[in-house]
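Structure data follow from final18.tsv (TSV, C-alpha atoms):
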```
chain	number	residue	atom	x	y	z
V	1	MET	CA	-27.67	-0.89	15.10
V	2	ASP	CA	-30.17	2.02	14.95
V	3	THR	CA	-32.00	3.18	11.83
V	4	SER	CA	-29.75	6.21	11.27
V	5	THR	CA	-26.70	3.96	11.21
V	6	LEU	CA	-28.35	1.27	9.12
V	7	LYS	CA	-29.20	3.70	6.30
V	8	ASN	CA	-25.49	4.32	5.75
V	9	TYR	CA	-24.99	0.64	4.94
V	10	ILE	CA	-27.73	0.36	2.31
V	11	PRO	CA	-25.27	0.98	-0.56
V	12	LEU	CA	-23.16	-1.94	0.70
V	13	PHE	CA	-25.95	-4.19	-0.54
V	14	VAL	CA	-27.56	-2.17	-3.35
V	15	LEU	CA	-24.47	-1.19	-5.33
V	16	PRO	CA	-23.07	-4.75	-5.57
V	17	ALA	CA	-26.53	-5.83	-6.73
V	18	PHE	CA	-26.43	-3.13	-9.42
V	19	LEU	CA	-22.99	-4.31	-10.52
V	20	VAL	CA	-24.05	-7.95	-10.83
V	21	ILE	CA	-27.23	-7.00	-12.70
V	22	VAL	CA	-25.21	-4.90	-15.17
V	23	GLU	CA	-22.73	-7.74	-15.68
V	24	LEU	CA	-25.41	-10.38	-16.19
V	25	GLY	CA	-27.33	-8.04	-18.47
V	26	ALA	CA	-24.20	-7.40	-20.53
V	27	LEU	CA	-23.61	-11.15	-20.82
V	28	ALA	CA	-27.20	-11.70	-21.93
V	29	LEU	CA	-26.87	-8.98	-24.56
V	30	SER	CA	-23.52	-10.16	-25.92
V	31	LEU	CA	-24.94	-12.64	-28.43
V	32	PRO	CA	-27.66	-10.25	-29.72
V	33	VAL	CA	-25.02	-7.51	-30.03
V	34	GLN	CA	-22.80	-9.82	-32.08
V	35	THR	CA	-25.75	-10.97	-34.19
V	36	ALA	CA	-26.71	-7.35	-34.90
V	37	GLY	CA	-23.12	-6.54	-35.93
V	38	LEU	CA	-22.68	-3.86	-33.26
V	39	ALA	CA	-19.04	-4.60	-32.38
V	40	ALA	CA	-17.01	-1.40	-32.06
V	41	PHE	CA	-13.76	-2.79	-33.53
V	42	GLU	CA	-13.14	-5.22	-36.37
V	43	ASP	CA	-10.04	-6.86	-34.86
V	44	PRO	CA	-10.67	-7.55	-31.15
V	45	ASP	CA	-7.04	-8.47	-30.46
V	46	SER	CA	-5.47	-5.34	-31.95
V	47	MET	CA	-3.59	-3.23	-29.41
V	48	GLY	CA	-4.43	-0.24	-31.57
V	49	ASN	CA	-7.94	-0.47	-30.16
V	50	LEU	CA	-6.52	0.37	-26.74
V	51	VAL	CA	-4.84	3.50	-28.11
V	52	VAL	CA	-8.05	4.61	-29.82
V	53	PHE	CA	-10.12	3.99	-26.68
V	54	MET	CA	-7.77	5.99	-24.44
V	55	ALA	CA	-7.45	8.81	-26.96
V	56	ILE	CA	-11.23	9.16	-27.05
V	57	ILE	CA	-11.50	9.17	-23.25
V	58	LEU	CA	-8.70	11.68	-22.71
V	59	GLY	CA	-9.84	13.93	-25.54
V	60	PHE	CA	-13.48	13.88	-24.44
V	61	THR	CA	-12.54	14.54	-20.79
V	62	ALA	CA	-10.33	17.50	-21.75
V	63	PHE	CA	-13.10	18.91	-23.95
V	64	LEU	CA	-15.65	18.70	-21.14
V	65	LEU	CA	-13.27	20.32	-18.64
V	66	VAL	CA	-12.73	23.25	-21.01
V	67	LEU	CA	-16.49	23.67	-21.38
V	68	ILE	CA	-16.94	23.61	-17.59
V	69	LYS	CA	-14.13	26.12	-17.09
V	70	TYR	CA	-15.69	28.60	-19.49
V	71	GLY	CA	-19.24	28.10	-18.27
V	72	HIS	CA	-20.66	26.21	-21.24
V	73	LYS	CA	-22.50	23.59	-19.24
V	74	ASN	CA	-25.47	23.81	-21.61
V	75	ILE	CA	-23.27	22.41	-24.38
V	76	ILE	CA	-22.19	19.56	-22.06
V	77	ALA	CA	-25.83	18.78	-21.34
V	78	TRP	CA	-26.61	18.49	-25.06
V	79	ILE	CA	-23.53	16.36	-25.76
V	80	ILE	CA	-24.40	13.95	-22.97
V	81	ALA	CA	-28.06	13.80	-24.01
V	82	ILE	CA	-27.17	12.98	-27.63
V	83	SER	CA	-24.64	10.37	-26.48
V	84	ILE	CA	-27.20	8.71	-24.21
V	85	PHE	CA	-29.83	8.71	-26.96
V	86	LEU	CA	-27.45	7.07	-29.46
V	87	THR	CA	-26.47	4.47	-26.87
V	88	PHE	CA	-30.12	3.63	-26.33
V	89	VAL	CA	-30.52	3.28	-30.10
V	90	TYR	CA	-27.65	0.77	-30.28
V	91	THR	CA	-28.87	-1.10	-27.21
V	92	PHE	CA	-32.43	-1.43	-28.47
V	93	ALA	CA	-31.02	-2.35	-31.90
V	94	ALA	CA	-29.70	-5.51	-30.25
V	95	ILE	CA	-32.85	-6.26	-28.24
V	96	VAL	CA	-35.76	-5.44	-30.56
V	97	PRO	CA	-34.84	-7.77	-33.48
V	98	MET	CA	-34.93	-10.71	-31.05
V	99	LEU	CA	-38.53	-9.85	-30.20
V	100	LEU	CA	-39.89	-8.72	-33.56
V	101	GLY	CA	-37.70	-10.53	-36.06
V	102	PRO	CA	-36.65	-9.00	-39.38
V	103	GLY	CA	-38.64	-6.20	-40.98
V	104	TYR	CA	-38.87	-2.45	-41.16
V	105	ALA	CA	-41.15	-2.27	-38.12
V	106	GLN	CA	-38.20	-2.91	-35.84
V	107	TYR	CA	-36.56	0.40	-36.83
V	108	ALA	CA	-39.65	2.35	-35.80
V	109	VAL	CA	-39.80	0.49	-32.50
V	110	ILE	CA	-36.08	1.05	-31.82
V	111	PHE	CA	-36.46	4.77	-32.48
V	112	ALA	CA	-39.65	5.04	-30.40
V	113	LEU	CA	-38.15	3.22	-27.42
V	114	SER	CA	-34.97	5.33	-27.55
V	115	VAL	CA	-36.98	8.56	-27.67
V	116	ALA	CA	-39.22	7.38	-24.82
V	117	ALA	CA	-36.19	6.48	-22.67
V	118	ILE	CA	-34.39	9.77	-23.21
V	119	VAL	CA	-37.57	11.81	-22.65
V	120	LEU	CA	-38.28	9.95	-19.41
V	121	LEU	CA	-34.71	10.49	-18.19
V	122	TYR	CA	-34.77	14.22	-18.82
V	123	LYS	CA	-38.40	15.03	-18.04
V	124	TYR	CA	-38.49	13.00	-14.83
V	125	PRO	CA	-34.91	12.33	-13.66
V	126	GLU	CA	-35.82	10.78	-10.33
V	127	TRP	CA	-33.27	8.42	-8.81
V	128	TYR	CA	-35.19	5.21	-9.59
V	129	VAL	CA	-35.67	6.26	-13.23
V	130	ILE	CA	-31.97	7.03	-13.53
V	131	ASP	CA	-30.99	3.74	-11.90
V	132	GLY	CA	-33.41	1.60	-13.90
V	133	LEU	CA	-32.56	2.99	-17.32
V	134	GLY	CA	-28.92	3.33	-16.26
V	135	ILE	CA	-28.68	-0.43	-15.75
V	136	LEU	CA	-29.96	-0.99	-19.30
V	137	LEU	CA	-27.60	1.64	-20.67
V	138	ALA	CA	-24.57	0.28	-18.80
V	139	ALA	CA	-25.29	-3.31	-19.83
V	140	GLY	CA	-25.59	-2.26	-23.47
V	141	VAL	CA	-22.32	-0.31	-23.49
V	142	ALA	CA	-20.41	-3.05	-21.63
V	143	SER	CA	-21.71	-5.68	-24.02
V	144	MET	CA	-20.76	-3.72	-27.15
V	145	PHE	CA	-17.20	-3.10	-25.99
V	146	GLY	CA	-16.87	-6.55	-24.43
V	147	VAL	CA	-17.54	-8.32	-27.74
V	148	SER	CA	-15.23	-5.85	-29.52
V	149	LEU	CA	-12.07	-6.29	-27.43
V	150	GLY	CA	-10.08	-9.45	-26.70
V	151	THR	CA	-9.22	-10.24	-23.11
V	152	ILE	CA	-5.58	-9.07	-23.22
V	153	PRO	CA	-6.44	-5.62	-24.67
V	154	VAL	CA	-9.24	-5.31	-22.10
V	155	ILE	CA	-6.93	-6.20	-19.21
V	156	LEU	CA	-4.42	-3.60	-20.37
V	157	LEU	CA	-7.24	-1.08	-20.78
V	158	LEU	CA	-8.52	-1.73	-17.26
V	159	ALA	CA	-5.00	-1.35	-15.83
V	160	VAL	CA	-4.41	1.94	-17.66
V	161	LEU	CA	-7.82	3.31	-16.68
V	162	ALA	CA	-7.25	2.38	-13.03
V	163	ILE	CA	-3.98	4.33	-12.98
V	164	TYR	CA	-5.58	7.27	-14.79
V	165	ASP	CA	-8.53	7.30	-12.39
V	166	ALA	CA	-6.25	7.34	-9.35
V	167	ILE	CA	-4.18	10.21	-10.73
V	168	SER	CA	-7.24	12.23	-11.78
V	169	VAL	CA	-8.95	11.86	-8.39
V	170	TYR	CA	-6.06	12.01	-5.90
V	171	LYS	CA	-3.40	14.03	-7.74
V	172	THR	CA	-4.80	16.42	-10.35
V	173	LYS	CA	-8.37	16.18	-8.93
V	174	HIS	CA	-9.77	17.10	-12.35
V	175	MET	CA	-12.12	14.11	-12.25
V	176	ILE	CA	-13.77	15.53	-9.13
V	177	ALA	CA	-14.24	18.87	-10.90
V	178	LEU	CA	-15.68	17.07	-13.91
V	179	ALA	CA	-18.02	14.96	-11.77
V	180	GLU	CA	-19.32	17.99	-9.85
V	181	GLY	CA	-19.87	19.92	-13.08
V	182	ILE	CA	-21.89	17.06	-14.54
V	183	ILE	CA	-23.81	16.38	-11.32
V	184	ASP	CA	-24.86	20.05	-11.17
V	185	LEU	CA	-26.66	19.42	-14.46
V	186	LYS	CA	-28.43	16.38	-12.97
V	187	THR	CA	-27.37	14.38	-16.01
V	188	PRO	CA	-28.38	10.70	-15.78
V	189	ILE	CA	-24.94	9.10	-16.12
V	190	LEU	CA	-24.56	7.81	-12.59
V	191	PHE	CA	-26.26	5.50	-10.13
V	192	VAL	CA	-27.95	7.01	-7.09
V	193	VAL	CA	-28.71	5.14	-3.86
V	194	PRO	CA	-30.83	7.16	-1.38
V	195	LYS	CA	-30.15	7.05	2.33
V	196	LYS	CA	-33.68	8.11	3.25
V	197	ARG	CA	-37.10	7.01	2.04
V	198	ASP	CA	-38.37	10.43	0.91
V	199	TYR	CA	-35.20	11.38	-0.98
V	200	SER	CA	-35.66	13.11	-4.35
V	201	PHE	CA	-32.79	13.52	-6.78
V	202	ILE	CA	-34.79	16.14	-8.68
V	203	LYS	CA	-35.19	18.35	-5.60
V	204	GLU	CA	-32.03	17.62	-3.61
V	205	GLY	CA	-29.30	16.41	-5.94
V	206	ILE	CA	-26.38	14.99	-3.97
V	207	GLY	CA	-24.41	18.08	-2.93
V	208	LYS	CA	-20.70	18.80	-3.30
V	209	LEU	CA	-18.41	15.80	-3.53
V	210	ASP	CA	-15.64	17.36	-1.43
V	211	GLY	CA	-17.69	19.67	0.74
V	212	GLY	CA	-17.82	17.47	3.83
V	213	GLY	CA	-20.92	16.73	5.88
V	214	GLU	CA	-23.47	14.02	5.36
V	215	ARG	CA	-25.10	13.61	1.98
V	216	SER	CA	-28.58	12.18	1.54
V	217	ALA	CA	-27.56	9.77	-1.22
V	218	PHE	CA	-24.59	7.74	-2.39
V	219	ILE	CA	-23.53	7.89	-6.02
V	220	ILE	CA	-21.24	5.88	-8.26
V	221	GLY	CA	-20.34	6.76	-11.80
V	222	MET	CA	-21.84	4.64	-14.56
V	223	GLY	CA	-18.33	4.00	-15.88
V	224	ASP	CA	-17.38	2.33	-12.60
V	225	LEU	CA	-19.88	-0.43	-13.36
V	226	ILE	CA	-19.36	-0.49	-17.13
V	227	ILE	CA	-15.57	-0.89	-17.23
V	228	PRO	CA	-15.32	-4.09	-15.10
V	229	SER	CA	-18.30	-5.52	-17.00
V	230	VAL	CA	-16.40	-5.16	-20.27
V	231	LEU	CA	-13.86	-7.73	-19.05
V	232	VAL	CA	-16.67	-10.03	-17.87
V	233	VAL	CA	-18.15	-10.07	-21.39
V	234	SER	CA	-14.77	-10.33	-23.12
V	235	ALA	CA	-13.79	-13.27	-20.89
V	236	ASN	CA	-17.02	-15.03	-21.75
V	237	VAL	CA	-16.67	-14.43	-25.50
V	238	PHE	CA	-12.94	-14.94	-26.06
V	239	THR	CA	-11.93	-17.63	-23.55
V	240	GLY	CA	-13.02	-21.25	-23.35
V	241	GLY	CA	-14.66	-23.44	-20.78
V	242	VAL	CA	-18.13	-24.72	-20.07
V	243	LYS	CA	-20.92	-22.11	-20.05
V	244	TYR	CA	-22.73	-22.49	-16.74
V	245	PHE	CA	-26.48	-21.89	-16.95
V	246	GLY	CA	-25.79	-21.22	-20.61
V	247	LEU	CA	-24.60	-17.74	-19.65
V	248	PHE	CA	-21.02	-17.54	-18.31
V	249	ASN	CA	-17.80	-19.55	-18.13
V	250	LEU	CA	-15.34	-19.70	-15.23
V	251	PRO	CA	-13.16	-16.75	-16.37
V	252	ALA	CA	-16.29	-14.58	-16.60
V	253	LEU	CA	-17.55	-15.86	-13.25
V	254	GLY	CA	-14.15	-15.18	-11.70
V	255	ALA	CA	-14.26	-11.63	-13.07
V	256	ILE	CA	-17.74	-11.12	-11.59
V	257	VAL	CA	-16.68	-12.36	-8.14
V	258	GLY	CA	-13.48	-10.30	-8.32
V	259	SER	CA	-15.41	-7.16	-9.25
V	260	ILE	CA	-17.71	-7.62	-6.26
V	261	ALA	CA	-14.68	-7.99	-3.98
V	262	GLY	CA	-13.17	-4.86	-5.51
V	263	LEU	CA	-16.42	-2.96	-5.00
V	264	ALA	CA	-16.52	-4.07	-1.36
V	265	ILE	CA	-13.05	-2.59	-0.86
V	266	LEU	CA	-14.12	0.62	-2.61
V	267	LEU	CA	-17.24	0.98	-0.46
V	268	HIS	CA	-15.15	0.53	2.69
V	269	PHE	CA	-13.24	3.69	1.77
V	270	VAL	CA	-16.33	5.49	0.44
V	271	MET	CA	-17.85	5.29	3.93
V	272	SER	CA	-15.32	7.95	4.96
V	273	GLY	CA	-17.40	10.46	2.98
V	274	LYS	CA	-14.53	11.52	0.74
V	275	PRO	CA	-14.49	11.04	-3.05
V	276	GLN	CA	-12.65	7.88	-4.08
V	277	ALA	CA	-11.19	6.60	-7.31
V	278	GLY	CA	-13.43	3.65	-8.10
V	279	LEU	CA	-11.51	1.91	-10.85
V	280	PRO	CA	-8.31	0.87	-8.98
V	281	PRO	CA	-10.07	-1.58	-6.61
V	282	LEU	CA	-12.83	-2.47	-9.09
V	283	ASN	CA	-10.54	-3.17	-12.02
V	284	GLY	CA	-7.92	-4.82	-9.83
V	285	GLY	CA	-10.43	-7.23	-8.35
V	286	THR	CA	-11.98	-7.98	-11.75
V	287	ILE	CA	-8.60	-8.73	-13.34
V	288	LEU	CA	-7.49	-10.94	-10.45
V	289	GLY	CA	-10.78	-12.84	-10.49
V	290	PHE	CA	-10.53	-13.33	-14.24
V	291	PHE	CA	-7.03	-14.82	-13.98
V	292	ILE	CA	-8.14	-17.21	-11.25
V	293	GLY	CA	-11.07	-18.39	-13.37
V	294	TRP	CA	-8.89	-18.59	-16.48
V	295	ALA	CA	-6.30	-20.67	-14.62
V	296	LEU	CA	-9.01	-23.09	-13.50
V	297	ILE	CA	-9.76	-23.96	-17.14
V	298	GLY	CA	-6.05	-24.22	-18.02
V	299	PHE	CA	-5.81	-20.81	-19.75
V	300	ALA	CA	-7.90	-22.14	-22.64
```
Starting from the file, lay out its structure as structure tokens.
Amino acid sequence: MDTSTLKNYIPLFVLPAFLVIVELGALALSLPVQTAGLAAFEDPDSMGNLVVFMAIILGFTAFLLVLIKYGHKNIIAWIIAISIFLTFVYTFAAIVPMLLGPGYAQYAVIFALSVAAIVLLYKYPEWYVIDGLGILLAAGVASMFGVSLGTIPVILLLAVLAIYDAISVYKTKHMIALAEGIIDLKTPILFVVPKKRDYSFIKEGIGKLDGGGERSAFIIGMGDLIIPSVLVVSANVFTGGVKYFGLFNLPALGAIVGSIAGLAILLHFVMSGKPQAGLPPLNGGTILGFFIGWALIGFA
């Protein structure tokens, strides 16, 4: 296998590693998130949470598409920047108290770290900066929603999102339009895996998603790693079983293995060069893996 062929297979190793790191990071953050009281919903088993979650996603997606249609990408950039900053605040709000303990100093540190992260992302959005801080961001979001939603609501959410993703990519194609509009802004809400050593996301971007030809980097949306990780955390928090290495139980481990299998299937189709709906194989594999792990502990 020559070098030019080998570079196309780099994501087959890097992206699964990113997924596992996000999942393990989310698991590690789950207890600090609970301790800090950062759960998004009061009743994790309420099916109303599912309705609220989907309403937010659909409403926010429609709003962004309208802004893209009428050329208001600058507004999108500000909305995404503010959202990322607030997410960093919540994530650091779970991490910093563990290191500093109680006291007003922690608030200054949380704010300073959040400002530093957002400034770095937007002043120097190189691919390794985006990937590094993106892992932290994704783990924080997955942890917050994972401790907020019981396993059954999460499974239903993953199933609904998988169907929605398939329709929006293959049928209406509005998700492709949304992704291209956001990528044009070089917003740091995706993971980038270069196919060449001297690649620069700042200078080159990734090109059109449906334009054909060879791109110099692979990308995957941050949501494609966050959504499966939510079930991993929920399985670990709301189902029983022994915690291996003090970190995960069998249902969570099954979800992790299933998500990797789902990602492998996704990457097989991504190698065609065409945009793919990531959530159907990812969520499907995660759900199947969870049920296998859950069955092994007797559905406790």
Nearest to V:Lys195 by atom-to-atom distance, counting only C-alpha atoms, from V:Ile219, V:Ile152, V:Met175, V:Ala166
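Ranking V:Ile219, V:Ile152, V:Met175, V:Ala166 by distance to V:Lys195, first place goes to V:Ile219.
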Would you please work out which residue, of V:Gln276, V:Ser229, V:Asn249, V:Ser114, is nearest to V:Phe88 when using all atoms listed in the file?
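That would be V:Ser114, the residue with the smallest distance to V:Phe88.
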Contacts between stretch 93-98 of chain V and stretch 21-83 of chain V, please, where a residue of stretch 21-83 of chain V counts if it comes within 6 Å (with only C-alpha atoms); show its shortest atom pair and distance in Å to one decimal, rows by chain and ascending number, as a tab-separated table.
```
residue	atom	partner	partner_atom	distance
V:Pro32	CA	V:Ala94	CA	5.2
V:Val33	CA	V:Ala94	CA	5.1
V:Ala36	CA	V:Ala94	CA	5.8
```
Record the distance separating atom CA of V:Ala77 and atom CA of V:Ile135, expressed in Å with one decimal.
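Taking atom CA of V:Ala77 as the start and atom CA of V:Ile135 as the end point, the length is 20.2 Å.
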Could you check which of V:Gly223, V:Gly293, V:Gly205, V:Gly146 is closest to V:Ala26, using all atoms listed in the file?
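For V:Ala26, the nearest of the candidates is V:Gly146.
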Could you work out how far atom CA of V:Gly181 lies from atom CA of V:Leu157, giving the answer in Å with one decimal?
25.7 Å
